[in-house]
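Enquirer: Below is the file structure.txt, with compact mmCIF, C-alpha atoms and all ligand atoms.
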# COMPACT_ATOMS: atom_id res chain seq x y z
CA MET A 1 -147.10 15.47 -94.32
CA ILE A 2 -150.65 14.51 -93.43
CA GLU A 3 -151.99 16.56 -90.59
CA LEU A 4 -154.77 15.50 -88.28
CA GLY A 5 -158.13 16.49 -89.64
CA SER A 6 -156.89 16.72 -93.22
CA GLN A 7 -159.65 14.41 -94.38
CA GLY A 8 -162.42 16.57 -92.93
CA PRO A 9 -163.73 19.88 -94.20
CA VAL A 10 -161.16 22.46 -95.25
CA ILE A 11 -162.94 25.19 -93.32
CA GLU A 12 -165.36 24.79 -90.49
CA CYS A 13 -167.02 27.73 -88.74
CA ARG A 14 -169.23 27.10 -85.75
CA SER A 15 -171.38 29.92 -84.39
CA LEU A 16 -168.56 32.28 -85.23
CA THR A 17 -169.22 35.63 -83.57
CA LYS A 18 -167.30 38.88 -83.30
CA ARG A 19 -168.47 42.01 -81.54
CA TYR A 20 -166.87 45.42 -81.62
CA GLY A 21 -168.62 47.29 -78.83
CA ASP A 22 -172.24 47.52 -79.89
CA VAL A 23 -171.55 46.29 -83.41
CA VAL A 24 -171.95 42.58 -84.02
CA ALA A 25 -169.69 42.34 -87.05
CA VAL A 26 -170.08 38.56 -87.34
CA ASP A 27 -173.16 37.07 -85.76
CA GLY A 28 -173.11 33.33 -85.14
CA ILE A 29 -172.22 32.06 -88.58
CA SER A 30 -171.72 28.35 -89.23
CA PHE A 31 -170.59 26.65 -92.42
CA THR A 32 -168.18 24.08 -93.75
CA LEU A 33 -166.25 24.07 -97.01
CA GLU A 34 -165.16 20.93 -98.76
CA ARG A 35 -161.98 20.41 -100.72
CA GLY A 36 -161.86 21.42 -104.39
CA THR A 37 -164.72 23.91 -104.22
CA VAL A 38 -164.89 27.60 -105.09
CA THR A 39 -167.15 29.44 -102.68
CA GLY A 40 -168.37 32.99 -103.09
CA PHE A 41 -168.66 34.88 -99.81
CA LEU A 42 -171.16 37.53 -100.80
CA GLY A 43 -172.61 40.50 -99.03
CA PRO A 44 -172.84 44.29 -99.17
CA ASN A 45 -170.16 46.57 -97.74
CA GLY A 46 -170.12 46.29 -93.97
CA ALA A 47 -171.78 42.84 -94.00
CA GLY A 48 -168.95 41.27 -92.00
CA LYS A 49 -166.99 39.46 -94.73
CA THR A 50 -163.54 40.79 -93.92
CA THR A 51 -164.06 40.30 -90.21
CA ALA A 52 -165.08 36.67 -90.75
CA LEU A 53 -162.01 36.06 -92.90
CA ARG A 54 -159.77 37.70 -90.30
CA LEU A 55 -161.23 35.40 -87.66
CA LEU A 56 -160.54 32.40 -89.88
CA LEU A 57 -156.94 33.47 -90.27
CA GLY A 58 -156.37 34.13 -86.58
CA LEU A 59 -155.95 37.87 -87.19
CA ALA A 60 -158.77 38.60 -84.76
CA GLU A 61 -160.14 36.64 -81.83
CA PRO A 62 -163.78 35.53 -81.95
CA THR A 63 -166.02 36.81 -79.17
CA SER A 64 -167.58 33.35 -79.19
CA GLY A 65 -167.70 30.33 -81.44
CA GLY A 66 -164.76 29.33 -83.55
CA ALA A 67 -163.24 28.62 -86.90
CA LEU A 68 -161.04 25.73 -87.96
CA VAL A 69 -158.94 25.30 -91.07
CA PHE A 70 -157.90 21.75 -91.84
CA GLY A 71 -159.34 20.79 -88.47
CA ARG A 72 -157.20 23.18 -86.48
CA ARG A 73 -157.10 26.78 -85.50
CA TYR A 74 -155.05 28.66 -88.06
CA ARG A 75 -152.35 29.52 -85.55
CA GLU A 76 -151.88 25.85 -84.73
CA LEU A 77 -151.21 24.83 -88.31
CA GLU A 78 -147.74 23.63 -89.12
CA GLN A 79 -146.36 25.46 -92.16
CA PRO A 80 -149.46 27.67 -92.49
CA LEU A 81 -148.20 29.43 -95.64
CA ARG A 82 -148.03 26.10 -97.43
CA ARG A 83 -151.60 25.27 -96.48
CA VAL A 84 -153.41 28.59 -96.60
CA GLY A 85 -152.77 31.54 -98.90
CA ALA A 86 -154.68 34.72 -98.20
CA VAL A 87 -155.05 38.19 -99.63
CA LEU A 88 -157.01 40.43 -97.33
CA GLU A 89 -156.09 43.93 -98.35
CA SER A 90 -153.82 45.21 -101.04
CA GLY A 91 -151.55 47.42 -99.07
CA ASP A 92 -148.38 46.20 -97.53
CA TYR A 93 -145.82 47.03 -100.18
CA HIS A 94 -142.50 48.70 -100.02
CA PRO A 95 -143.37 51.19 -102.78
CA SER A 96 -139.92 51.45 -104.30
CA ARG A 97 -139.37 47.72 -104.44
CA ASN A 98 -140.21 45.97 -107.68
CA GLY A 99 -142.72 43.14 -107.88
CA ARG A 100 -140.12 40.40 -108.08
CA ASP A 101 -138.16 41.69 -105.09
CA HIS A 102 -141.33 42.07 -103.06
CA LEU A 103 -142.07 38.38 -103.63
CA ARG A 104 -138.46 37.34 -103.07
CA VAL A 105 -138.44 38.93 -99.63
CA LEU A 106 -141.61 37.04 -98.70
CA ALA A 107 -140.26 33.79 -100.16
CA LEU A 108 -137.02 34.14 -98.25
CA ALA A 109 -138.87 34.63 -94.97
CA ALA A 110 -140.98 31.52 -95.62
CA GLU A 111 -138.02 29.43 -96.85
CA ILE A 112 -139.57 29.11 -100.28
CA PRO A 113 -137.09 28.76 -103.18
CA PRO A 114 -136.67 31.82 -105.44
CA ALA A 115 -137.69 29.77 -108.50
CA ARG A 116 -141.21 29.73 -107.09
CA VAL A 117 -141.27 33.53 -107.34
CA GLU A 118 -140.86 33.28 -111.11
CA GLU A 119 -143.63 30.68 -111.27
CA VAL A 120 -146.17 32.77 -109.40
CA LEU A 121 -145.26 35.91 -111.38
CA GLU A 122 -146.16 34.00 -114.54
CA LEU A 123 -149.29 32.50 -112.96
CA VAL A 124 -150.75 35.91 -112.20
CA GLY A 125 -149.57 37.52 -115.42
CA LEU A 126 -147.00 39.86 -113.90
CA GLY A 127 -143.96 38.37 -115.62
CA ARG A 128 -143.33 41.42 -117.75
CA ALA A 129 -143.96 43.86 -114.91
CA ALA A 130 -141.68 42.04 -112.48
CA THR A 131 -138.92 44.63 -112.60
CA ARG A 132 -141.22 47.63 -112.27
CA ARG A 133 -141.53 49.36 -108.94
CA VAL A 134 -144.72 48.44 -107.12
CA ARG A 135 -145.36 52.19 -106.74
CA THR A 136 -146.10 52.32 -110.47
CA TYR A 137 -148.52 49.37 -110.43
CA SER A 138 -152.21 49.90 -111.07
CA LEU A 139 -154.66 48.74 -108.42
CA GLY A 140 -155.35 45.66 -110.55
CA MET A 141 -151.65 44.84 -110.75
CA ARG A 142 -151.36 45.18 -106.99
CA GLN A 143 -154.25 42.74 -106.61
CA ARG A 144 -152.39 40.30 -108.83
CA LEU A 145 -149.24 40.81 -106.79
CA GLY A 146 -151.23 40.01 -103.66
CA VAL A 147 -152.52 36.82 -105.25
CA ALA A 148 -148.97 35.94 -106.32
CA ALA A 149 -147.80 36.34 -102.73
CA ALA A 150 -150.62 34.12 -101.48
CA LEU A 151 -149.65 31.44 -103.98
CA LEU A 152 -145.97 31.35 -103.00
CA GLY A 153 -146.40 28.39 -100.66
CA ASP A 154 -148.55 26.52 -103.22
CA PRO A 155 -151.35 26.41 -100.62
CA GLU A 156 -154.25 24.00 -100.55
CA LEU A 157 -156.65 26.75 -99.51
CA LEU A 158 -156.78 30.23 -101.01
CA ILE A 159 -158.73 33.01 -99.29
CA LEU A 160 -159.25 36.17 -101.33
CA ASP A 161 -160.99 39.24 -99.95
CA GLU A 162 -162.59 41.25 -102.76
CA PRO A 163 -159.92 40.28 -105.29
CA ALA A 164 -161.84 41.79 -108.20
CA ASN A 165 -161.67 45.31 -106.78
CA GLY A 166 -159.64 47.40 -109.19
CA LEU A 167 -159.52 44.79 -111.91
CA ASP A 168 -160.57 45.81 -115.40
CA PRO A 169 -162.89 43.50 -117.36
CA ALA A 170 -159.95 41.53 -118.75
CA GLY A 171 -158.62 41.19 -115.22
CA VAL A 172 -161.96 39.94 -113.92
CA ARG A 173 -162.08 37.36 -116.67
CA TRP A 174 -158.54 36.31 -115.84
CA LEU A 175 -159.51 35.96 -112.18
CA ARG A 176 -162.49 33.73 -112.98
CA THR A 177 -160.48 31.36 -115.13
CA PHE A 178 -157.70 31.39 -112.61
CA LEU A 179 -159.99 30.41 -109.72
CA ARG A 180 -161.58 27.61 -111.77
CA ASP A 181 -158.16 26.25 -112.66
CA LEU A 182 -157.16 26.23 -109.01
CA ALA A 183 -160.29 24.30 -108.05
CA ALA A 184 -159.74 21.87 -110.93
CA ALA A 185 -156.32 21.23 -109.43
CA GLY A 186 -158.00 20.24 -106.16
CA ARG A 187 -157.45 23.54 -104.37
CA THR A 188 -160.18 25.10 -102.26
CA VAL A 189 -161.03 28.75 -102.77
CA LEU A 190 -163.04 31.16 -100.64
CA VAL A 191 -163.55 34.47 -102.41
CA SER A 192 -165.46 37.42 -101.04
CA SER A 193 -167.21 40.07 -103.08
CA HIS A 194 -169.84 42.75 -102.68
CA LEU A 195 -170.50 42.58 -106.42
CA LEU A 196 -172.23 39.53 -107.81
CA ALA A 197 -171.32 39.65 -111.45
CA GLU A 198 -167.65 39.21 -110.72
CA VAL A 199 -167.98 35.87 -109.04
CA ALA A 200 -171.37 34.44 -109.92
CA GLN A 201 -170.05 32.71 -113.01
CA THR A 202 -167.10 31.22 -111.17
CA VAL A 203 -168.32 29.76 -107.93
CA ASP A 204 -169.82 26.36 -107.07
CA GLN A 205 -171.57 27.62 -104.00
CA VAL A 206 -172.30 30.81 -102.17
CA LEU A 207 -172.53 32.10 -98.64
CA ILE A 208 -174.64 35.24 -98.44
CA ILE A 209 -174.01 37.40 -95.41
CA ASP A 210 -175.47 40.69 -94.21
CA HIS A 211 -175.37 42.44 -90.83
CA GLY A 212 -173.04 39.67 -89.70
CA ARG A 213 -175.59 36.94 -90.33
CA LEU A 214 -175.45 34.15 -92.83
CA LEU A 215 -178.67 34.48 -94.81
CA ALA A 216 -178.23 31.71 -97.35
CA GLN A 217 -175.75 29.05 -98.21
CA GLY A 218 -175.62 26.30 -100.73
CA PRO A 219 -174.71 25.22 -104.24
CA LEU A 220 -175.63 27.73 -106.92
CA ASN A 221 -177.77 25.24 -108.80
CA GLU A 222 -179.86 24.55 -105.69
CA LEU A 223 -180.37 28.21 -104.79
CA THR A 224 -181.16 29.46 -108.27
CA ASN A 225 -183.66 28.37 -110.90
CA ALA A 226 -185.21 29.62 -114.13
CA ASP A 227 -187.28 32.20 -112.25
CA LYS A 228 -184.71 33.28 -109.71
CA THR A 229 -181.19 34.32 -110.45
CA LEU A 230 -178.51 34.69 -107.84
CA GLU A 231 -178.96 38.44 -108.18
CA ASP A 232 -182.66 38.15 -107.32
CA ILE A 233 -181.85 36.12 -104.23
CA TYR A 234 -179.03 38.39 -103.14
CA LEU A 235 -181.09 41.57 -103.46
CA GLU A 236 -184.08 39.98 -101.79
CA LEU A 237 -182.04 38.80 -98.84
CA THR A 238 -179.81 41.80 -98.37
CA GLY A 239 -182.29 44.46 -99.44
CA SER A 240 -179.38 46.21 -101.09
CA GLU A 241 -181.55 47.47 -103.92
CA SER A 242 -182.34 50.50 -101.79
CA ARG A 243 -178.77 51.26 -100.66
N1 LIG B 301 -161.67 46.70 -85.99
C1 LIG B 301 -162.94 47.09 -85.98
N2 LIG B 301 -163.41 47.87 -85.00
C2 LIG B 301 -164.70 48.25 -84.95
N3 LIG B 301 -165.62 47.89 -85.88
C3 LIG B 301 -165.22 47.12 -86.88
C4 LIG B 301 -163.87 46.68 -87.00
N4 LIG B 301 -163.76 45.91 -88.11
C5 LIG B 301 -164.99 45.88 -88.66
N5 LIG B 301 -165.86 46.61 -87.93
C6 LIG B 301 -167.29 46.78 -88.23
O1 LIG B 301 -167.83 45.51 -88.46
C7 LIG B 301 -168.78 45.53 -89.52
C8 LIG B 301 -168.37 44.57 -90.61
O2 LIG B 301 -167.22 45.07 -91.28
P1 LIG B 301 -166.43 44.23 -92.36
O3 LIG B 301 -166.13 42.88 -91.81
O4 LIG B 301 -165.26 45.06 -92.77
O5 LIG B 301 -167.49 44.11 -93.54
P2 LIG B 301 -167.27 43.79 -95.08
O6 LIG B 301 -165.90 43.23 -95.25
O7 LIG B 301 -168.35 42.82 -95.44
O8 LIG B 301 -167.43 45.10 -95.82
C9 LIG B 301 -168.85 46.98 -89.97
O9 LIG B 301 -169.92 47.60 -89.29
C10 LIG B 301 -167.54 47.55 -89.51
O10 LIG B 301 -167.63 48.93 -89.28
MG MG B 302 -164.40 43.81 -96.53
Could you write out this structure as structure tokens?
Expert:
Amino acid sequence: MIELGSQGPVIECRSLTKRYGDVVAVDGISFTLERGTVTGFLGPNGAGKTTALRLLLGLAEPTSGGALVFGRRYRELEQPLRRVGAVLESGDYHPSRNGRDHLRVLALAAEIPPARVEEVLELVGLGRAATRRVRTYSLGMRQRLGVAAALLGDPELLILDEPANGLDPAGVRWLRTFLRDLAAAGRTVLVSSHLLAEVAQTVDQVLIIDHGRLLAQGPLNELTNADKTLEDIYLELTGSESR
């Protein structure tokens, strides 16, 4: 089904702002993301990344401004799980359930056939761990389980909040390849990180945020050059060298 606005940007934020009392967690950020791109949403801890993603997903209300996905507010999307997959925090598991059952419960609720559970288990490399209780999973395995859950609806847009946290080097490499493959298949990915190395080699473009403000945005090859790496730019802009 083609929804209105499906030809426009996948994500559009306009002057998106969120205050919590005196804290301006997200301070008037504006950007658009086009289909088939992998975008790194970069900034130090407390920069406002998670808050911005929560606003995008309708999990928090903006104080002002707004965010659209596929031309609509997230809550107005038909079949949102089939359009947007998101992993915000690794947490919500029934600890004594195994990985497969965890996904089956989610699939059932979203009317997604159980065969898709087996597909996503393989996609994230949890096939062999599918019958183990989630309680026994490492942090990295839980991250993969979160990604598997987000992929259940075969969404066009994938939003991952710090997915590399808890991954070992092999896991980080897996994540990079995985994100590139998704983009090659025409999916759009927005991935946040407070660490550059994890995502710098994967993304087409970056959004750099600190203190709620968007400090830089653009394609990697336009922001960086022989004299300036992404790391130089990030540290210059965020001053996180001294933190
Ligand atoms: N629910 C909340 N209530 C009050 N302050 C919040 C809340 N969520 C986030 N904040 C504050 O907003 C700022 C941005 O936080 P966050 O979006 O979690 O940053 P990041 O994900 O980049 O680490 C921080 O100062 C944080 O303490
Ligand atoms: Mg965060």
Enquirer: Could you tell me how far atom CA of Asp161 of chain A sits from atom CA of Ala130 of chain A, in Å to one decimal place?
Expert: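 Between these atoms lies a distance of 23.2 Å.
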Enquirer: Hey, what's within 6 Å of Leu220 of chain A if we count only C-alpha atoms and toss same-chain stuff fewer than 2 positions away? As a short mmCIF file (atom, residue, chain, number, x, y, z; two decimals) with C-alpha atoms, in the coordinates of the input, please?
Expert:
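So result00.cif came out as:
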data_model
loop_
_atom_site.label_atom_id
_atom_site.label_comp_id
_atom_site.auth_asym_id
_atom_site.auth_seq_id
_atom_site.Cartn_x
_atom_site.Cartn_y
_atom_site.Cartn_z
CA ASP A 204 -169.82 26.36 -107.07
CA GLN A 205 -171.57 27.62 -104.00
CA GLU A 222 -179.86 24.55 -105.69
CA LEU A 223 -180.37 28.21 -104.79
CA THR A 224 -181.16 29.46 -108.27
#
Enquirer: My list of candidates is A:Ile208, A:Tyr93, A:Ala197, A:Ser192. Which is closest to Pro169 of chain A when distances are computed with only C-alpha atoms?
Expert: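 Ranked by minimum distance to Pro169 of chain A, first place goes to A:Ala197.
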Enquirer: Show me, as JSON lines, the residues of chain A having an atom within 7 Å of ligand LIG 301 (chain B), each with the closest atom pair and its distance in Å, using all atoms listed in the file.
Expert:
{"residue": "A:Tyr20", "atom": "CA", "partner": "B:LIG301", "partner_atom": "C2", "distance": 4.9}
{"residue": "A:Val23", "atom": "CA", "partner": "B:LIG301", "partner_atom": "O9", "distance": 6.2}
{"residue": "A:Val24", "atom": "CA", "partner": "B:LIG301", "partner_atom": "O1", "distance": 6.7}
{"residue": "A:Ala25", "atom": "CA", "partner": "B:LIG301", "partner_atom": "O1", "distance": 3.9}
{"residue": "A:Gly43", "atom": "CA", "partner": "B:LIG301", "partner_atom": "O7", "distance": 6.0}
{"residue": "A:Pro44", "atom": "CA", "partner": "B:LIG301", "partner_atom": "O7", "distance": 6.0}
{"residue": "A:Asn45", "atom": "CA", "partner": "B:LIG301", "partner_atom": "O8", "distance": 3.6}
{"residue": "A:Gly46", "atom": "CA", "partner": "B:LIG301", "partner_atom": "O5", "distance": 3.4}
{"residue": "A:Ala47", "atom": "CA", "partner": "B:LIG301", "partner_atom": "O7", "distance": 3.7}
{"residue": "A:Gly48", "atom": "CA", "partner": "B:LIG301", "partner_atom": "O3", "distance": 3.3}
{"residue": "A:Lys49", "atom": "CA", "partner": "B:LIG301", "partner_atom": "O7", "distance": 3.7}
{"residue": "A:Thr50", "atom": "CA", "partner": "B:LIG301", "partner_atom": "O6", "distance": 3.6}
{"residue": "A:Thr51", "atom": "CA", "partner": "B:LIG301", "partner_atom": "O3", "distance": 3.7}
{"residue": "A:Ala52", "atom": "CA", "partner": "B:LIG301", "partner_atom": "O3", "distance": 6.4}
{"residue": "A:Gly212", "atom": "CA", "partner": "B:LIG301", "partner_atom": "C8", "distance": 6.8}
Enquirer: What is the distance between atom CA of Ala115 of chain A and atom CA of Ala86 of chain A, in Å to one decimal?
Expert: 20.5 Å
Enquirer: Which one is closest to Pro9 of chain A: A:Gln201, A:Asn165, A:Thr177, A:Thr188? Count all atoms listed in the file.
Expert: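 Looking at the shortest contact to Pro9 of chain A, the residue is A:Thr188.
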